Structures are given as structure tokens and as C-alpha cells.
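What's in model_35.pdb: PDB, C-alpha atoms, pLDDT in the B column
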ATOM      1  CA  MET A  10     -81.546  87.541  34.267  1.00 97.00           C
ATOM      2  CA  ILE A  11     -79.547  87.944  31.058  1.00 98.00           C
ATOM      3  CA  PHE A  12     -76.556  90.282  30.957  1.00 98.00           C
ATOM      4  CA  TYR A  13     -75.125  91.754  27.752  1.00 98.00           C
ATOM      5  CA  ASP A  14     -71.509  92.658  28.371  1.00 98.00           C
ATOM      6  CA  CYS A  15     -68.443  93.950  26.507  1.00 97.00           C
ATOM      7  CA  SER A  16     -65.150  92.838  28.033  1.00 96.00           C
ATOM      8  CA  THR A  17     -63.186  95.860  26.761  1.00 94.00           C
ATOM      9  CA  ALA A  18     -65.516  98.768  27.592  1.00 96.00           C
ATOM     10  CA  PRO A  19     -65.805 100.656  30.908  1.00 97.00           C
ATOM     11  CA  ASN A  20     -69.570 100.950  31.295  1.00 97.00           C
ATOM     12  CA  PRO A  21     -70.241  97.207  31.028  1.00 98.00           C
ATOM     13  CA  ARG A  22     -67.421  96.635  33.499  1.00 98.00           C
ATOM     14  CA  ARG A  23     -69.198  98.850  36.031  1.00 98.00           C
ATOM     15  CA  ALA A  24     -72.267  96.623  35.832  1.00 98.00           C
ATOM     16  CA  ARG A  25     -70.076  93.504  35.865  1.00 98.00           C
ATOM     17  CA  MET A  26     -68.412  94.623  39.106  1.00 98.00           C
ATOM     18  CA  PHE A  27     -71.768  95.482  40.677  1.00 98.00           C
ATOM     19  CA  LEU A  28     -73.107  92.016  39.818  1.00 98.00           C
ATOM     20  CA  ALA A  29     -69.991  90.386  41.268  1.00 98.00           C
ATOM     21  CA  GLU A  30     -70.233  92.376  44.497  1.00 98.00           C
ATOM     22  CA  LYS A  31     -73.807  91.112  44.820  1.00 98.00           C
ATOM     23  CA  GLY A  32     -72.685  87.543  44.181  1.00 98.00           C
ATOM     24  CA  LEU A  33     -74.896  87.278  41.092  1.00 98.00           C
ATOM     25  CA  THR A  34     -73.906  85.309  37.985  1.00 97.00           C
ATOM     26  CA  PRO A  35     -76.612  85.760  35.332  1.00 98.00           C
ATOM     27  CA  GLU A  36     -76.473  84.300  31.857  1.00 98.00           C
ATOM     28  CA  SER A  37     -73.986  86.519  30.033  1.00 98.00           C
ATOM     29  CA  HIS A  38     -73.319  87.398  26.387  1.00 98.00           C
ATOM     30  CA  ASP A  39     -70.261  89.357  25.253  1.00 98.00           C
ATOM     31  CA  VAL A  40     -70.972  91.958  22.561  1.00 98.00           C
ATOM     32  CA  SER A  41     -67.812  93.208  20.839  1.00 97.00           C
ATOM     33  CA  ILE A  42     -67.805  96.954  20.235  1.00 93.00           C
ATOM     34  CA  ALA A  43     -64.525  96.569  18.320  1.00 89.00           C
ATOM     35  CA  LYS A  44     -66.318  94.333  15.826  1.00 94.00           C
ATOM     36  CA  GLY A  45     -69.416  96.550  15.748  1.00 93.00           C
ATOM     37  CA  GLU A  46     -71.609  93.786  17.134  1.00 97.00           C
ATOM     38  CA  GLN A  47     -73.735  96.340  19.009  1.00 96.00           C
ATOM     39  CA  LEU A  48     -75.089  97.348  15.582  1.00 95.00           C
ATOM     40  CA  ASN A  49     -76.072  93.832  14.538  1.00 97.00           C
ATOM     41  CA  PRO A  50     -79.821  93.280  14.099  1.00 97.00           C
ATOM     42  CA  ALA A  51     -79.848  90.575  16.781  1.00 97.00           C
ATOM     43  CA  PHE A  52     -78.548  92.981  19.418  1.00 98.00           C
ATOM     44  CA  LEU A  53     -80.592  95.936  18.177  1.00 97.00           C
ATOM     45  CA  ALA A  54     -83.665  93.778  18.762  1.00 97.00           C
ATOM     46  CA  VAL A  55     -82.655  93.744  22.443  1.00 98.00           C
ATOM     47  CA  ASN A  56     -81.528  97.384  22.663  1.00 98.00           C
ATOM     48  CA  PRO A  57     -82.363  99.632  19.694  1.00 97.00           C
ATOM     49  CA  ARG A  58     -80.103 102.344  21.165  1.00 96.00           C
ATOM     50  CA  ALA A  59     -77.108 100.065  20.496  1.00 96.00           C
ATOM     51  CA  THR A  60     -75.452 100.636  23.866  1.00 97.00           C
ATOM     52  CA  ILE A  61     -73.964  98.233  26.376  1.00 98.00           C
ATOM     53  CA  PRO A  62     -74.474  97.099  29.138  1.00 98.00           C
ATOM     54  CA  VAL A  63     -77.963  95.653  29.055  1.00 98.00           C
ATOM     55  CA  LEU A  64     -79.668  93.640  31.778  1.00 98.00           C
ATOM     56  CA  VAL A  65     -82.849  91.733  31.005  1.00 98.00           C
ATOM     57  CA  THR A  66     -84.488  91.268  34.399  1.00 98.00           C
ATOM     58  CA  ASP A  67     -86.220  88.210  35.785  1.00 95.00           C
ATOM     59  CA  GLU A  68     -89.497  89.959  35.006  1.00 96.00           C
ATOM     60  CA  GLY A  69     -88.462  90.660  31.400  1.00 97.00           C
ATOM     61  CA  SER A  70     -87.702  94.386  31.635  1.00 98.00           C
ATOM     62  CA  VAL A  71     -84.780  95.584  29.506  1.00 98.00           C
ATOM     63  CA  LEU A  72     -82.483  97.911  31.451  1.00 98.00           C
ATOM     64  CA  THR A  73     -79.912  99.757  29.349  1.00 97.00           C
ATOM     65  CA  GLU A  74     -78.295 102.241  31.754  1.00 96.00           C
ATOM     66  CA  ASN A  75     -75.911 101.535  34.632  1.00 98.00           C
ATOM     67  CA  LEU A  76     -77.953 103.445  37.176  1.00 98.00           C
ATOM     68  CA  GLY A  77     -81.131 101.555  36.272  1.00 98.00           C
ATOM     69  CA  ILE A  78     -79.286  98.248  36.379  1.00 98.00           C
ATOM     70  CA  ALA A  79     -77.771  99.080  39.766  1.00 98.00           C
ATOM     71  CA  ALA A  80     -81.116 100.190  41.220  1.00 98.00           C
ATOM     72  CA  TYR A  81     -82.763  96.960  40.087  1.00 98.00           C
ATOM     73  CA  LEU A  82     -79.968  94.791  41.473  1.00 98.00           C
ATOM     74  CA  GLU A  83     -79.955  96.678  44.786  1.00 98.00           C
ATOM     75  CA  ALA A  84     -83.677  95.995  45.179  1.00 98.00           C
ATOM     76  CA  HIS A  85     -83.334  92.408  43.913  1.00 98.00           C
ATOM     77  CA  THR A  86     -80.398  91.574  46.207  1.00 98.00           C
ATOM     78  CA  PRO A  87     -80.201  94.175  49.006  1.00 98.00           C
ATOM     79  CA  GLU A  88     -77.011  92.824  50.596  1.00 98.00           C
ATOM     80  CA  PRO A  89     -74.329  93.917  50.505  1.00 98.00           C
ATOM     81  CA  ALA A  90     -75.757  97.425  50.261  1.00 98.00           C
ATOM     82  CA  LEU A  91     -73.980  99.346  47.497  1.00 98.00           C
ATOM     83  CA  MET A  92     -76.283 102.343  47.211  1.00 98.00           C
ATOM     84  CA  GLY A  93     -76.481 103.493  50.822  1.00 98.00           C
ATOM     85  CA  ARG A  94     -78.730 102.638  53.743  1.00 97.00           C
ATOM     86  CA  SER A  95     -79.812 105.929  55.303  1.00 98.00           C
ATOM     87  CA  ALA A  96     -81.426 108.783  53.385  1.00 98.00           C
ATOM     88  CA  ASP A  97     -78.180 110.756  53.541  1.00 98.00           C
ATOM     89  CA  GLU A  98     -76.100 107.818  52.319  1.00 98.00           C
ATOM     90  CA  LYS A  99     -78.416 107.143  49.391  1.00 98.00           C
ATOM     91  CA  GLY A 100     -78.230 110.786  48.356  1.00 98.00           C
ATOM     92  CA  LEU A 101     -74.450 110.898  48.628  1.00 98.00           C
ATOM     93  CA  VAL A 102     -73.998 107.718  46.592  1.00 98.00           C
ATOM     94  CA  LEU A 103     -76.103 109.016  43.718  1.00 98.00           C
ATOM     95  CA  MET A 104     -74.538 112.469  43.931  1.00 98.00           C
ATOM     96  CA  TRP A 105     -70.982 111.141  43.739  1.00 98.00           C
ATOM     97  CA  ASN A 106     -71.867 108.615  41.065  1.00 98.00           C
ATOM     98  CA  SER A 107     -73.232 111.468  38.960  1.00 98.00           C
ATOM     99  CA  ILE A 108     -70.150 113.620  39.610  1.00 98.00           C
ATOM    100  CA  VAL A 109     -67.885 110.749  38.586  1.00 98.00           C
ATOM    101  CA  GLU A 110     -69.826 110.110  35.381  1.00 98.00           C
ATOM    102  CA  GLN A 111     -69.845 113.770  34.363  1.00 98.00           C
ATOM    103  CA  GLN A 112     -66.368 114.789  35.517  1.00 98.00           C
ATOM    104  CA  GLY A 113     -64.540 111.505  34.865  1.00 98.00           C
ATOM    105  CA  GLY A 114     -66.323 109.213  32.472  1.00 98.00           C
ATOM    106  CA  MET A 115     -67.386 111.880  30.013  1.00 97.00           C
ATOM    107  CA  PRO A 116     -64.008 113.610  29.495  1.00 97.00           C
ATOM    108  CA  ILE A 117     -62.161 110.288  29.188  1.00 98.00           C
ATOM    109  CA  ALA A 118     -64.668 109.177  26.554  1.00 96.00           C
ATOM    110  CA  GLU A 119     -64.354 112.503  24.727  1.00 96.00           C
ATOM    111  CA  ALA A 120     -60.574 112.225  24.613  1.00 96.00           C
ATOM    112  CA  LEU A 121     -60.684 108.636  23.335  1.00 95.00           C
ATOM    113  CA  ARG A 122     -63.594 108.719  20.913  1.00 94.00           C
ATOM    114  CA  ASN A 123     -62.486 111.950  19.246  1.00 96.00           C
ATOM    115  CA  THR A 124     -58.955 110.740  18.482  1.00 93.00           C
ATOM    116  CA  HIS A 125     -58.784 106.958  18.128  1.00 90.00           C
ATOM    117  CA  PRO A 126     -59.067 105.647  14.535  1.00 90.00           C
ATOM    118  CA  ALA A 127     -61.422 102.882  15.684  1.00 88.00           C
ATOM    119  CA  PHE A 128     -64.023 105.551  16.484  1.00 91.00           C
ATOM    120  CA  GLU A 129     -63.881 107.433  13.196  1.00 91.00           C
ATOM    121  CA  ASN A 130     -67.449 108.649  12.599  1.00 90.00           C
ATOM    122  CA  ARG A 131     -68.396 106.907  15.877  1.00 91.00           C
ATOM    123  CA  ALA A 132     -67.567 109.706  18.307  1.00 89.00           C
ATOM    124  CA  ILE A 133     -70.814 109.138  20.240  1.00 92.00           C
ATOM    125  CA  PRO A 134     -72.173 105.694  21.177  1.00 89.00           C
ATOM    126  CA  GLY A 135     -75.481 104.640  19.707  1.00 91.00           C
ATOM    127  CA  PRO A 136     -77.051 103.794  16.356  1.00 91.00           C
ATOM    128  CA  ASP A 137     -76.112 107.072  14.625  1.00 93.00           C
ATOM    129  CA  ASN A 138     -72.730 108.168  13.251  1.00 93.00           C
ATOM    130  CA  TYR A 139     -71.008 111.343  14.469  1.00 95.00           C
ATOM    131  CA  ALA A 140     -67.714 112.824  13.257  1.00 96.00           C
ATOM    132  CA  GLN A 141     -64.740 113.196  15.574  1.00 95.00           C
ATOM    133  CA  LEU A 142     -63.981 116.672  16.937  1.00 96.00           C
ATOM    134  CA  PRO A 143     -60.296 116.968  17.932  1.00 92.00           C
ATOM    135  CA  GLN A 144     -61.011 120.029  20.085  1.00 94.00           C
ATOM    136  CA  LEU A 145     -63.137 117.892  22.373  1.00 94.00           C
ATOM    137  CA  ALA A 146     -60.216 115.513  22.844  1.00 95.00           C
ATOM    138  CA  VAL A 147     -57.975 118.370  24.019  1.00 96.00           C
ATOM    139  CA  ARG A 148     -60.623 119.493  26.455  1.00 97.00           C
ATOM    140  CA  GLY A 149     -61.193 115.909  27.587  1.00 97.00           C
ATOM    141  CA  LEU A 150     -57.537 115.463  28.529  1.00 97.00           C
ATOM    142  CA  ALA A 151     -57.562 118.660  30.576  1.00 97.00           C
ATOM    143  CA  ARG A 152     -60.792 117.677  32.322  1.00 98.00           C
ATOM    144  CA  THR A 153     -59.385 114.235  33.142  1.00 98.00           C
ATOM    145  CA  GLN A 154     -56.539 115.877  35.033  1.00 98.00           C
ATOM    146  CA  ARG A 155     -59.077 117.947  36.954  1.00 98.00           C
ATOM    147  CA  PHE A 156     -60.988 114.719  37.710  1.00 98.00           C
ATOM    148  CA  PHE A 157     -57.900 113.272  39.400  1.00 98.00           C
ATOM    149  CA  GLU A 158     -57.635 116.449  41.485  1.00 98.00           C
ATOM    150  CA  LEU A 159     -61.299 116.182  42.453  1.00 98.00           C
ATOM    151  CA  LEU A 160     -60.833 112.562  43.571  1.00 98.00           C
ATOM    152  CA  GLU A 161     -57.836 113.480  45.703  1.00 98.00           C
ATOM    153  CA  GLU A 162     -59.720 116.337  47.359  1.00 98.00           C
ATOM    154  CA  ARG A 163     -62.612 114.069  48.300  1.00 98.00           C
ATOM    155  CA  LEU A 164     -60.591 110.995  49.278  1.00 98.00           C
ATOM    156  CA  SER A 165     -58.345 113.082  51.511  1.00 98.00           C
ATOM    157  CA  GLU A 166     -61.369 113.581  53.762  1.00 98.00           C
ATOM    158  CA  SER A 167     -63.281 110.324  53.257  1.00 98.00           C
ATOM    159  CA  PRO A 168     -62.144 106.691  52.827  1.00 98.00           C
ATOM    160  CA  TYR A 169     -64.655 106.204  50.023  1.00 98.00           C
ATOM    161  CA  LEU A 170     -66.421 108.688  47.785  1.00 98.00           C
ATOM    162  CA  ALA A 171     -69.811 108.560  49.473  1.00 98.00           C
ATOM    163  CA  GLY A 172     -68.513 108.087  53.016  1.00 97.00           C
ATOM    164  CA  GLU A 173     -67.290 105.198  55.132  1.00 97.00           C
ATOM    165  CA  ASP A 174     -68.437 102.360  52.873  1.00 98.00           C
ATOM    166  CA  PHE A 175     -67.587 101.072  49.395  1.00 98.00           C
ATOM    167  CA  THR A 176     -70.463 101.838  47.007  1.00 98.00           C
ATOM    168  CA  LEU A 177     -71.584 102.179  43.420  1.00 98.00           C
ATOM    169  CA  ALA A 178     -69.811 105.547  43.248  1.00 98.00           C
ATOM    170  CA  ASP A 179     -66.477 103.877  43.970  1.00 99.00           C
ATOM    171  CA  ILE A 180     -67.108 101.231  41.320  1.00 98.00           C
ATOM    172  CA  SER A 181     -67.757 103.917  38.728  1.00 98.00           C
ATOM    173  CA  ALA A 182     -64.710 105.971  39.714  1.00 98.00           C
ATOM    174  CA  PHE A 183     -62.407 102.946  39.874  1.00 98.00           C
ATOM    175  CA  VAL A 184     -63.429 101.747  36.416  1.00 98.00           C
ATOM    176  CA  PHE A 185     -62.927 105.195  34.890  1.00 98.00           C
ATOM    177  CA  VAL A 186     -59.548 105.596  36.589  1.00 98.00           C
ATOM    178  CA  GLU A 187     -58.405 102.286  35.129  1.00 98.00           C
ATOM    179  CA  PHE A 188     -59.871 103.052  31.712  1.00 97.00           C
ATOM    180  CA  ALA A 189     -57.973 106.360  31.594  1.00 98.00           C
ATOM    181  CA  ARG A 190     -54.941 104.297  30.535  1.00 97.00           C
ATOM    182  CA  VAL A 191     -56.359 104.364  26.987  1.00 95.00           C
ATOM    183  CA  ILE A 192     -55.652 108.107  26.885  1.00 97.00           C
ATOM    184  CA  LYS A 193     -52.336 107.654  28.742  1.00 97.00           C
ATOM    185  CA  GLN A 194     -53.586 109.195  31.984  1.00 97.00           C
ATOM    186  CA  ARG A 195     -52.886 107.843  35.490  1.00 97.00           C
ATOM    187  CA  ILE A 196     -53.462 108.947  39.067  1.00 98.00           C
ATOM    188  CA  PRO A 197     -50.556 111.318  39.811  1.00 98.00           C
ATOM    189  CA  GLU A 198     -47.909 109.844  42.124  1.00 97.00           C
ATOM    190  CA  ASP A 199     -48.436 112.654  44.651  1.00 98.00           C
ATOM    191  CA  ASN A 200     -52.124 111.830  45.079  1.00 98.00           C
ATOM    192  CA  VAL A 201     -51.578 109.642  48.128  1.00 98.00           C
ATOM    193  CA  ALA A 202     -55.211 109.334  49.215  1.00 98.00           C
ATOM    194  CA  SER A 203     -56.382 108.378  45.723  1.00 98.00           C
ATOM    195  CA  LEU A 204     -53.647 105.772  45.349  1.00 98.00           C
ATOM    196  CA  ALA A 205     -54.539 104.181  48.699  1.00 98.00           C
ATOM    197  CA  TRP A 206     -58.213 104.092  47.682  1.00 98.00           C
ATOM    198  CA  TYR A 207     -57.298 102.609  44.299  1.00 98.00           C
ATOM    199  CA  LYS A 208     -55.111  99.910  45.891  1.00 98.00           C
ATOM    200  CA  ALA A 209     -57.902  98.901  48.276  1.00 98.00           C
ATOM    201  CA  ILE A 210     -60.444  98.511  45.479  1.00 98.00           C
ATOM    202  CA  LYS A 211     -57.952  96.776  43.192  1.00 98.00           C
ATOM    203  CA  SER A 212     -57.632  94.021  45.801  1.00 98.00           C
ATOM    204  CA  ARG A 213     -61.364  93.201  45.656  1.00 98.00           C
ATOM    205  CA  PRO A 214     -62.295  90.079  43.637  1.00 98.00           C
ATOM    206  CA  SER A 215     -64.792  92.091  41.580  1.00 98.00           C
ATOM    207  CA  ALA A 216     -61.966  94.331  40.333  1.00 98.00           C
ATOM    208  CA  GLN A 217     -60.348  91.354  38.621  1.00 96.00           C
ATOM    209  CA  LEU A 218     -63.290  91.011  36.209  1.00 93.00           C
TER     210      LEU A 218
END
If you took the structure in this file and wrote it as C-alpha cells, what would it be?
Amino acid sequence: MIFYDCSTAPNPRRARMFLAEKGLTPESHDVSIAKGEQLNPAFLAVNPRATIPVLVTDEGSVLTENLGIAAYLEAHTPEPALMGRSADEKGLVLMWNSIVEQQGGMPIAEALRNTHPAFENRAIPGPDNYAQLPQLAVRGLARTQRFFELLEERLSESPYLAGEDFTLADISAFVFVEFARVIKQRIPEDNVASLAWYKAIKSRPSAQL
């Protein structure tokens, strides 16, 4: 396997944590988004959509989305199970991972990419240029606050997002919660369940990567 990473971006970190939880250490290449290396011809030859992470599998398939990468790794190395065991668990993991991406990852990205000077004309990842829209940043900040509320509601009734066990959904949520610092957002101090969940994941070796 060959893994294309970016040490500063949240989506590659999700894949990096998943790999670490599986105990896998593939050949790795860091692609700097800050330097625009995802647009270099050498990387575009690997992924023409110019997004990171990318996992080139043992069989030579090129996987460019976190969910595809996770599904491959779960099948490649089943233990520890990070995507559920029973039918219900598998459904809950994918459901909560999707909720986290849409209600957490997306608004944080909107708030960052539509305000930060580094993303001028790069408001959407990929090979094409898109102008920043400040209104989306305002909405993104409001939605991020709602995301923290959503986490607290769920974690007040369940130790992890998809149930009793740590899964892909928790990796995604943890990474987005940490990345929210770039828009000056944190878990509110009153969100006791979320803070306990965050502390537990923060102590895992994979969270140090």
C-alpha cells in the first residue's frame, strides 16, 4: 500500500488514525496543501481530482475518499473492527459517520475556506478554482455550534457515537472537533459528555498522529 497524506489537513488525518488503529504502516508521502502540491502534475497523475488522502491498495486500486479507504482497510485487516460487527452496528457506524461529515466537517470547512486568505479562489477542494463566499462562512460558524450540540445530545446517551465501541464515526468526529480550532471553535465547557468522550479519544496513540 502507498498512502498520500497531508499533515495539516483533517481528512488525511482521519485516514491516518484509521491506519494506526489497524496497526498498518504503509509507505507514506506527505503532500502539502499549503504549497499547492496537490496540483502538481506528479500528484495529479495519481489523483486527477487533486484531493487528499489517497490510498493505493496492494492490488493497485486508487482510493480517494475516506469511506472507501476505511472500507478497504476494514476488509484487509478486520481487527480491531472499526466499522461494526452486527448489521445494526454497521448501519449505525455509517449513519453517524455521514452525520458527522455533513453536520461537522462541512460547516467547519465552509467557515475556513470562505474566509482564510490561503484559500482565496480555492473555496472548494479539487482541480478547479472557486471564489470565497463570506455568507457561507457565517452560516458555517452557526452550524458548527449546532454540531457541538448534536454531539452532546448523542454522547449523553451513548459512550461512543455508534454505540458501545470506538469506531470510524468517532475518528471522524474527533478530527473535526480538533480541526475546529482553525475557526476558533471548541467544545463548550458545559458539554460534559462530549468532553469526556474527547478526553478518552485524545489518550489513544492514534490521536497523537
Can you list, as number ranges by chain, every protein, DNA or RNA residue that comes within 10 Å of A:Pro134 when you count all atoms listed in the file, leaving out same-chain residues fewer than 2 positions away?
A: 42, 47, 58-61, 118, 122, 128, 131-132, 136-139
Nearest residue to A:Pro35 out of A:Phe52, A:Ser16, A:Leu64, A:Leu121, using all atoms listed in the file?
A:Leu64
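Across the structure, atom CA of A:Ala24 and atom CA of A:Asn75 are spaced 6.2 Å apart.
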Name every residue that the PyMOL selection byres ((chain A and resi 105) around 12) selects in this structure, writing the answer as a VMD selection string with chains first and numbers rising.
chain A and resid 92 to 93 98 to 104 106 to 113 159 to 160 163 to 164 169 to 172 176 to 182
Extract, using all atoms listed in the file, all DNA, RNA and protein residues at most 12 Å from A:His85, discarding same-chain residues fewer than 5 positions from it, and format them as a ChimeraX atom specification.
/A:10,28,31-33,66-68,78-80,90
Leaving out A:Lys44 and any residue of its chain fewer than 5 positions from it, which residues lie within 12 Å of it when counting only C-alpha atoms, given as a PDB file with C-alpha atoms, in the frame of the given file?
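Below is the file selection.pdb, written as the result:
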ATOM      1  CA  CYS A  15     -68.443  93.950  26.507  1.00 97.00           C
ATOM      2  CA  THR A  17     -63.186  95.860  26.761  1.00 94.00           C
ATOM      3  CA  ASP A  39     -70.261  89.357  25.253  1.00 98.00           C
ATOM      4  CA  ASN A  49     -76.072  93.832  14.538  1.00 97.00           C
ATOM      5  CA  ALA A 127     -61.422 102.882  15.684  1.00 88.00           C
ATOM      6  CA  PHE A 128     -64.023 105.551  16.484  1.00 91.00           C
TER       7      PHE A 128
END
Considering all atoms listed in the file, state which residue in the set A:Ile196, A:Ala120, A:Pro168, A:Val184 is at the smallest distance from A:Ala209.
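Nearest candidate to A:Ala209 out of A:Ile196, A:Ala120, A:Pro168, A:Val184: A:Pro168.
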Tell me, in Å to one decimal, how far atom CA of A:Ser41 is from atom CA of A:Gly135.
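Between atom CA of A:Ser41 and atom CA of A:Gly135 the gap works out to 13.8 Å.
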Please list as a list in words every residue within 8 Å of A:Arg195, counting only C-alpha atoms and excluding residues in the same chain fewer than 6 positions away.
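Skipping anything fewer than 6 positions along the chain leaves Val186, Glu187 and Ala189 of chain A.
Pairwise distance (atom CA of A:Gly149, atom CA of A:Glu119) equals 5.5 Å.
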Pick from A:Ala146, A:Ile192, A:Leu91, A:Ile210, whichever lies nearest to A:Glu30 using all atoms listed in the file:
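Looking only at the distances to A:Glu30, the closest residue turns out to be A:Leu91.
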Determine the nearest neighbour of A:Pro143 from the options A:Pro126, A:Glu46, A:Glu166, A:Gln217, counting only C-alpha atoms.
A:Pro126
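If you measure from each of A:Glu198, A:Asp97, A:Glu36, A:Glu129 to A:Val63 using only C-alpha atoms, the closest one turns out to be A:Glu36.
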Choose the residue, out of A:Ala151, A:Leu48, A:Phe27, A:Thr73, that has the smallest atom-to-atom separation from A:Glu88; count all atoms listed in the file.
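Of A:Ala151, A:Leu48, A:Phe27, A:Thr73, the one nearest A:Glu88, counting all atoms listed in the file, is A:Phe27.
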